[in-house]
Structures are given as structure tokens and as C-alpha cells.
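This is input.tsv (TSV, C-alpha atoms).
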```tsv
chain	number	residue	atom	x	y	z
V	1	MET	CA	-61.24	-44.04	41.96
V	2	ARG	CA	-58.31	-41.70	41.79
V	3	LEU	CA	-57.13	-40.53	38.45
V	4	LEU	CA	-53.43	-40.41	37.99
V	5	ARG	CA	-52.27	-36.95	36.98
V	6	ARG	CA	-49.52	-37.08	34.46
V	7	ARG	CA	-46.79	-34.68	35.40
V	8	GLN	CA	-46.07	-32.25	32.57
V	9	PRO	CA	-42.34	-31.68	32.05
V	10	HIS	CA	-41.31	-28.00	32.36
V	11	PRO	CA	-40.18	-26.65	28.99
V	12	GLU	CA	-36.69	-25.20	29.13
V	13	ILE	CA	-34.03	-24.06	26.72
V	14	SER	CA	-30.72	-25.79	27.03
V	15	LEU	CA	-28.15	-23.10	27.74
V	16	VAL	CA	-25.22	-25.44	27.34
V	17	SER	CA	-25.20	-25.17	23.54
V	18	THR	CA	-25.73	-21.36	23.73
V	19	ALA	CA	-22.65	-21.04	25.90
V	20	ASP	CA	-20.69	-23.22	23.46
V	21	VAL	CA	-21.67	-21.01	20.50
V	22	ALA	CA	-20.85	-17.82	22.45
V	23	PHE	CA	-17.44	-19.23	23.34
V	24	LEU	CA	-16.71	-20.16	19.72
V	25	LEU	CA	-17.77	-16.67	18.59
V	26	LEU	CA	-15.49	-15.14	21.22
V	27	ILE	CA	-12.53	-17.19	19.95
V	28	PHE	CA	-13.40	-16.13	16.37
V	29	PHE	CA	-13.45	-12.41	17.25
V	30	LEU	CA	-10.27	-12.68	19.32
V	31	SER	CA	-8.38	-14.24	16.44
V	32	THR	CA	-9.73	-12.24	13.48
V	33	ALA	CA	-10.46	-8.78	14.83
V	34	VAL	CA	-8.26	-5.70	15.11
V	35	PHE	CA	-8.99	-2.64	17.20
V	36	SER	CA	-10.38	0.38	15.39
V	37	VAL	CA	-7.91	2.75	17.06
V	38	GLU	CA	-4.51	3.11	15.44
V	39	ARG	CA	-1.33	4.75	16.61
V	40	GLY	CA	0.90	7.20	14.81
V	41	ILE	CA	2.30	10.70	14.61
V	42	VAL	CA	-0.43	13.09	13.46
V	43	LEU	CA	0.78	16.13	11.53
V	44	GLU	CA	-1.34	19.16	10.67
V	45	LEU	CA	-0.29	20.23	7.19
V	46	PRO	CA	-0.28	23.89	6.14
V	47	SER	CA	-2.93	24.91	3.66
V	48	VAL	CA	-1.75	25.71	0.13
V	49	GLU	CA	-3.43	29.11	0.56
V	50	ASP	CA	-1.20	29.95	3.55
V	51	ALA	CA	1.31	32.64	2.70
V	52	PRO	CA	4.99	31.65	3.12
V	53	VAL	CA	6.36	32.73	6.49
V	54	GLU	CA	9.76	34.34	6.80
V	55	LEU	CA	11.67	33.17	9.85
V	56	GLN	CA	14.58	34.73	11.66
V	57	ARG	CA	17.67	32.52	11.41
V	58	ASP	CA	18.03	32.23	15.19
V	59	ARG	CA	14.49	30.89	15.47
V	60	VAL	CA	15.34	27.84	13.37
V	61	THR	CA	17.30	24.75	14.34
V	62	GLU	CA	18.15	22.25	11.65
V	63	VAL	CA	18.03	18.50	12.23
V	64	ALA	CA	19.63	16.61	9.36
V	65	ILE	CA	19.02	12.89	8.80
V	66	LEU	CA	21.75	11.32	6.69
V	67	ALA	CA	21.48	8.25	4.48
V	68	SER	CA	23.33	6.24	7.14
V	69	ARG	CA	20.59	7.21	9.67
V	70	ALA	CA	23.11	9.41	11.48
V	71	LEU	CA	21.80	12.73	12.84
V	72	THR	CA	23.24	16.20	13.00
V	73	VAL	CA	21.79	19.24	14.77
V	74	ASP	CA	22.92	22.51	13.22
V	75	GLY	CA	25.83	20.63	11.67
V	76	SER	CA	27.02	18.86	14.81
V	77	PRO	CA	26.71	15.05	14.93
V	78	ILE	CA	24.40	13.80	17.65
V	79	ARG	CA	23.15	10.43	18.89
V	80	SER	CA	19.44	9.82	18.35
V	81	SER	CA	19.01	9.21	22.09
V	82	ASP	CA	20.24	12.77	22.74
V	83	LEU	CA	17.98	14.48	20.20
V	84	ARG	CA	15.06	15.01	22.57
V	85	ALA	CA	17.18	16.64	25.30
V	86	THR	CA	18.99	18.83	22.75
V	87	ILE	CA	15.77	20.19	21.28
V	88	GLN	CA	14.33	20.67	24.78
V	89	ALA	CA	17.36	22.76	25.76
V	90	ARG	CA	16.94	24.92	22.65
V	91	LEU	CA	13.22	25.31	23.34
V	92	ARG	CA	13.96	26.61	26.81
V	93	ALA	CA	16.11	29.32	25.27
V	94	ARG	CA	13.69	29.99	22.41
V	95	PRO	CA	10.09	28.77	23.05
V	96	ASP	CA	8.95	29.71	19.51
V	97	LEU	CA	11.66	27.53	17.96
V	98	VAL	CA	11.01	26.02	14.53
V	99	VAL	CA	12.67	22.67	13.82
V	100	ARG	CA	13.69	22.24	10.20
V	101	ILE	CA	14.10	18.56	9.38
V	102	SER	CA	16.28	17.88	6.36
V	103	VAL	CA	16.26	14.26	5.17
V	104	ASP	CA	18.60	12.56	2.71
V	105	PRO	CA	16.52	10.94	-0.10
V	106	ALA	CA	18.21	7.58	0.61
V	107	ALA	CA	17.53	7.66	4.36
V	108	PRO	CA	15.04	5.00	5.48
V	109	TYR	CA	11.58	6.19	6.52
V	110	ALA	CA	12.07	4.68	9.99
V	111	SER	CA	14.83	7.22	10.71
V	112	LEU	CA	12.45	10.10	9.92
V	113	VAL	CA	9.70	8.71	12.17
V	114	GLU	CA	12.20	8.07	14.95
V	115	ALA	CA	13.47	11.66	14.77
V	116	LEU	CA	9.93	13.09	14.54
V	117	ASP	CA	8.94	11.04	17.58
V	118	GLN	CA	11.82	12.44	19.64
V	119	ILE	CA	11.21	16.01	18.44
V	120	ARG	CA	7.52	15.71	19.32
V	121	LEU	CA	8.37	14.38	22.79
V	122	SER	CA	10.68	17.35	23.29
V	123	GLY	CA	7.65	19.64	23.02
V	124	ALA	CA	8.47	21.30	19.67
V	125	ARG	CA	5.29	22.06	17.77
V	126	SER	CA	6.49	23.86	14.65
V	127	LEU	CA	8.26	21.73	12.09
V	128	THR	CA	9.28	21.99	8.48
V	129	LEU	CA	10.27	18.98	6.42
V	130	HIS	CA	12.66	19.12	3.47
V	131	SER	CA	14.56	16.74	1.28
V	132	ALA	CA	18.33	17.17	1.47
V	133	SER	CA	18.34	17.03	-2.35
V	134	GLY	CA	16.93	20.54	-2.25
V	135	THR	CA	13.34	19.85	-3.38
U	1	MET	CA	-20.88	-13.06	27.07
U	2	LEU	CA	-19.80	-9.54	28.10
U	3	LEU	CA	-16.44	-10.11	26.45
U	4	LEU	CA	-18.17	-11.22	23.28
U	5	ILE	CA	-20.31	-8.06	23.17
U	6	PHE	CA	-17.21	-5.95	23.84
U	7	PHE	CA	-15.24	-7.50	20.97
U	8	MET	CA	-18.20	-7.36	18.59
U	9	SER	CA	-18.70	-3.63	19.21
U	10	THR	CA	-15.09	-2.41	19.32
U	11	THR	CA	-13.27	-4.36	16.66
U	12	PHE	CA	-12.92	-4.54	12.90
U	13	ILE	CA	-12.47	-7.73	10.99
U	14	ARG	CA	-8.89	-7.86	9.77
U	15	SER	CA	-8.99	-7.41	6.01
U	16	ARG	CA	-6.48	-8.70	3.49
U	17	GLU	CA	-3.90	-6.05	2.75
U	18	ALA	CA	-2.43	-5.23	-0.65
U	19	PHE	CA	1.09	-6.04	0.58
U	20	ASP	CA	2.97	-6.48	3.82
U	21	VAL	CA	4.61	-3.48	5.39
U	22	ARG	CA	6.81	-3.31	8.46
U	23	LEU	CA	5.73	-0.16	10.30
U	24	PRO	CA	8.28	1.97	12.18
U	25	GLY	CA	8.08	2.14	15.96
U	26	VAL	CA	6.78	5.15	17.89
U	27	THR	CA	7.11	5.58	21.66
U	28	GLU	CA	3.62	6.84	22.36
U	29	GLY	CA	2.16	8.65	19.38
U	30	ASP	CA	-1.34	9.96	18.82
U	31	ARG	CA	-4.35	7.73	18.52
U	32	PHE	CA	-6.75	8.04	15.64
U	33	ARG	CA	-9.81	6.07	14.69
U	34	ARG	CA	-9.64	3.88	11.63
U	35	GLU	CA	-13.15	4.78	10.43
U	36	ASN	CA	-12.12	8.46	10.17
U	37	SER	CA	-9.07	7.70	8.07
U	38	VAL	CA	-8.00	6.66	4.60
U	39	ARG	CA	-5.09	4.25	4.65
U	40	VAL	CA	-2.33	4.91	2.17
U	41	TRP	CA	0.22	2.08	1.97
U	42	LEU	CA	3.79	2.43	0.77
U	43	GLY	CA	5.90	-0.70	0.36
U	44	PRO	CA	9.68	-0.95	0.65
U	45	GLY	CA	10.01	-0.94	-3.15
U	46	GLY	CA	7.83	2.15	-3.65
U	47	GLU	CA	4.60	0.26	-4.42
U	48	VAL	CA	1.45	2.15	-3.36
U	49	ALA	CA	-2.07	1.16	-2.31
U	50	VAL	CA	-5.05	3.10	-0.98
U	51	ASN	CA	-7.37	1.21	1.36
U	52	ASP	CA	-5.77	-2.10	0.40
U	53	ALA	CA	-6.16	-1.65	-3.40
U	54	ARG	CA	-3.02	-1.05	-5.43
U	55	ILE	CA	-3.05	2.12	-7.53
U	56	PRO	CA	-0.39	4.04	-9.45
U	57	LEU	CA	1.33	6.78	-7.45
U	58	GLU	CA	-0.08	9.53	-9.70
U	59	GLY	CA	-3.63	8.39	-8.89
U	60	ILE	CA	-3.39	9.11	-5.16
U	61	ALA	CA	-4.07	12.88	-5.33
U	62	GLY	CA	-7.31	12.57	-7.34
U	63	LEU	CA	-8.64	9.71	-5.23
U	64	LEU	CA	-7.87	11.44	-1.93
U	65	ALA	CA	-9.24	14.79	-3.12
U	66	ALA	CA	-12.58	13.09	-3.92
U	67	LYS	CA	-12.66	11.44	-0.48
U	68	LEU	CA	-11.78	14.75	1.22
U	69	ARG	CA	-14.65	16.48	-0.57
U	70	GLU	CA	-17.02	13.93	1.01
U	71	ASN	CA	-15.42	14.26	4.46
U	72	PRO	CA	-13.07	17.25	4.97
U	73	ARG	CA	-12.06	15.98	8.44
U	74	LEU	CA	-10.62	12.77	7.05
U	75	VAL	CA	-7.18	11.79	8.34
U	76	ILE	CA	-4.76	10.35	5.78
U	77	ALA	CA	-3.02	7.48	7.55
U	78	LEU	CA	0.30	6.77	5.86
U	79	HIS	CA	1.34	3.15	6.46
U	80	ALA	CA	4.82	3.31	4.99
U	81	ASP	CA	7.36	0.56	5.36
U	82	ALA	CA	10.19	1.38	7.76
U	83	ARG	CA	12.74	0.45	5.05
U	84	ALA	CA	11.23	2.67	2.31
U	85	PRO	CA	13.65	5.41	1.23
U	86	PHE	CA	12.64	8.99	2.00
U	87	SER	CA	12.53	9.75	-1.74
U	88	SER	CA	9.48	7.40	-2.06
U	89	VAL	CA	7.82	8.95	0.99
U	90	GLU	CA	8.42	12.41	-0.43
U	91	ARG	CA	6.63	11.46	-3.68
U	92	VAL	CA	3.61	10.36	-1.61
U	93	PHE	CA	3.75	13.63	0.36
U	94	GLU	CA	3.64	15.53	-2.94
U	95	GLN	CA	0.43	13.69	-3.79
U	96	LEU	CA	-1.05	14.50	-0.36
U	97	LYS	CA	-0.16	18.15	-0.85
U	98	ALA	CA	-1.85	18.13	-4.27
U	99	ALA	CA	-4.96	16.57	-2.69
U	100	ARG	CA	-4.90	19.37	-0.07
U	101	ALA	CA	-4.93	16.89	2.80
U	102	PRO	CA	-5.18	18.85	6.07
U	103	ARG	CA	-4.02	16.06	8.38
U	104	VAL	CA	-1.60	13.17	7.93
U	105	ALA	CA	-0.93	10.41	10.44
U	106	LEU	CA	2.35	8.55	10.12
U	107	ALA	CA	1.19	5.15	11.36
U	108	GLY	CA	3.51	3.15	13.56
U	109	THR	CA	3.66	0.42	16.13
U	110	LYS	CA	4.21	1.05	19.81
U	111	ARG	CA	7.69	0.55	21.15
U	112	GLY	CA	9.20	1.21	24.57
U	113	ALA	CA	10.66	4.62	25.37
U	114	PRO	CA	14.45	4.78	24.89
```

Final C-alpha cells representation of the file:
Amino acid sequence: MRLLRRRQPHPEISLVSTADVAFLLLIFFLSTAVFSVERGIVLELPSVEDAPVELQRDRVTEVAILASRALTVDGSPIRSSDLRATIQARLRARPDLVVRISVDPAAPYASLVEALDQIRLSGARSLTLHSASGT
Amino acid sequence: MLLLIFFMSTTFIRSREAFDVRLPGVTEGDRFRRENSVRVWLGPGGEVAVNDARIPLEGIAGLLAAKLRENPRLVIALHADARAPFSSVERVFEQLKAARAPRVALAGTKRGAP
């Protein structure tokens, strides 16, 4: 007499549901997560212990930002698209140039960032920032 | 699955912010890591928050000075609204100066080069 051997089913984990959960998690992270790297203009501030530096007048160029967002460089009106080239030209003549940015208190913050962005792209590395009110 | 692991390891969950700000655009800018920074928010009406909690303007210097004592390499990330007047920004700068912040990042969003 032959005994019938019952075939044991192979145990296995269903991967279909695992893939579904992973997909849902992926959608969750895509919709709710933000990257940990941010973008901006990084400025190194002078230490309060640093002694004030006296600068020669010809080493300084003044960029003024008016309340209307208009720009002047050393008193001459300039378009914001020309700021980078203007500072670059002055840097070629004077590589240790210091850019003094004077901002009207009513000027919007965006106009300052826009000017700083262009000045940075021009290659200038020394900046001073002042309020046009004199503070 | 690889994408899931990538997003889990490189992202932060977006937290609720104290108020909405419209950041100015920058062409390229520097990149800085959020975990090494304290976020100072400035709204269009001069309202201020540090790390998504509103505080009075005069409280910024003390709070930042304490955080800088714990981590002197901390970057102060200023998330100021593009429409905020410079006078408001200047008052925040005064607080940063009082806190002896060595590094400030003016946060912005990427825009195309002119």
C-alpha cells in the first residue's frame, strides 16, 4: 500500500502589500518633506572687537538703493541689470575695492538682496551696509 | 524602494511656520544646511519669529546669544519678506549684532540669471 504524501505548501511573504506600503510612504515623503539645504547670501559679519578700519576715499564705491528701488553708483543713476558690470569694471581698476551699500529705510528688502546678489556675482568681497537715514 | 530611502534620509518634514513670507529671489547664492542654522523670520509688517515661534523683536538678541554659546558655528538664516522695509530689516540686524552673530544668511529662492 502506498501512502499518499501530502504536499506541504511553501511559506512565503506576500510582497505585493509591502510594495503598496512603500509606494504610499514615498508619496507621503514627496508631498510633506523639504530638503535640508537652503539657499541664500551668506555674509560674514565683523566681530564687535574688530577695530574700525579707515579707508581711502578712492577705495570705496557707494551703491545707493532708493525707496523707489532705483539704484545709483557714486551718485549716478544706474539700471540694476548694469550693476554687476559696473562693479566689475571698478574692481579691475581697484581689486581691493570696498562697496558701501546705502539703503533708504523705506526701500523694500528685495531691492537690497537683488543688489547684494549682483555685487557678489561681480566678485566684490568687501562690503559695508548702512541706512541712508544715517544710522 | 531606493527613492524611499533617499527621501527618508535627506529630507525634513515641513513644519508649520509662524507666518507666511515671500522670500526674495537670488540667482545662485550659497547653500547652507538647515540643521546648522537658526531661522529668524521677518514678516512684511515687521512681525518677528525665531524657529517658527513668534517673539518680540527685543528678545532676538538674548535668544540667539544663548544658541550661539551652545554652537558658535551656527548660521543665522534671515527669512525676511521681500516687501519688508529696510528699516525693519535694520532693526533685526541690530539684534544680530548685539548677539554677536558671526554669520548671517539672507535666505532666498532661486531665480534665473538676468

(request) Find the distance between CA of Asp52 (chain U) and CA of Val113 (chain V) and write it in Å to one decimal. (result)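 Answer for the CA of Asp52 (chain U) to CA of Val113 (chain V) separation: 22.2 Å.
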
Each residue of chain U lying at most 6 Å from chain V should get a row with its shortest atom-to-atom pair and the distance in Å to one decimal, counting all atoms listed in the file; could you produce that, ordered by chain and increasing number, as a Markdown table?
```
| residue | atom | partner | partner_atom | distance |
| --- | --- | --- | --- | --- |
| U:Leu4 | CA | V:Leu26 | CA | 5.2 |
| U:Thr11 | CA | V:Phe35 | CA | 4.6 |
| U:Phe12 | CA | V:Ala33 | CA | 5.3 |
| U:Ile13 | CA | V:Ala33 | CA | 4.5 |
| U:Arg14 | CA | V:Ala33 | CA | 5.4 |
| U:Pro24 | CA | V:Ala110 | CA | 5.1 |
| U:Gly29 | CA | V:Gly40 | CA | 5.0 |
| U:Asp30 | CA | V:Gly40 | CA | 5.4 |
| U:Arg31 | CA | V:Arg39 | CA | 4.7 |
| U:Phe32 | CA | V:Glu38 | CA | 5.4 |
| U:Arg33 | CA | V:Val37 | CA | 4.5 |
| U:Arg34 | CA | V:Ser36 | CA | 5.2 |
| U:Ala82 | CA | V:Ala110 | CA | 4.4 |
| U:Arg83 | CA | V:Pro108 | CA | 5.1 |
| U:Ala84 | CA | V:Pro108 | CA | 5.5 |
| U:Pro85 | CA | V:Pro108 | CA | 4.5 |
| U:Phe86 | CA | V:Pro105 | CA | 4.8 |
| U:Ser87 | CA | V:Pro105 | CA | 4.5 |
| U:Pro102 | CA | V:Leu45 | CA | 5.2 |
| U:Arg103 | CA | V:Glu44 | CA | 4.7 |
| U:Val104 | CA | V:Leu43 | CA | 5.2 |
| U:Ala105 | CA | V:Val42 | CA | 4.1 |
| U:Leu106 | CA | V:Ile41 | CA | 5.0 |
| U:Ala107 | CA | V:Gly40 | CA | 4.0 |
| U:Gly108 | CA | V:Gly40 | CA | 5.0 |
```

(request) One decimal, Å: what's the distance from CA of Leu74 (chain U) over to CA of Asn36 (chain U), could you say? (result) 5.5 Å

Mind giving me the axis-aligned box for region 40-43 of chain U with 4 Å on every side, centre plus edges in Å to one decimal, as lines of an AutoDock Vina configuration file?
```
center_x = 1.8
center_y = 2.1
center_z = 1.3
size_x = 16.2
size_y = 13.6
size_z = 9.8
```

(request) Measure the distance from CA of Ile101 (chain V) to CA of Leu55 (chain V) in Å and round it to one decimal. (result)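 We find that CA of Ile101 (chain V) and CA of Leu55 (chain V) lie 14.8 Å from each other.
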
(request) Pick out the residues sitting within 7 Å of region 96-100 of chain U, and hand them over as number ranges by chain; count only C-alpha atoms, and ignore anything fewer than 4 positions along from it in its own chain. (result) V: 47; U: 61-62, 64-65, 92

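You can rank U:Ile76, U:Arg111, U:Asp81, U:Val38 by their closest distance to Arg22 (chain U) using only C-alpha atoms, and at the top of that list sits U:Asp81.
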
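Here the question is which of V:Glu12, V:Glu62, V:Asp20, V:Asp50 gets nearest to Val98 (chain V) using only C-alpha atoms, and that residue is V:Glu62.
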
(request) Could you give me, as an MDAnalysis selection string, the residues within 12 Å of region 91-94 of chain V, counting all atoms listed in the file and dropping anything in the same chain fewer than 5 positions from it? (result) chainID V and resid 56:61 84:86 99 119:126
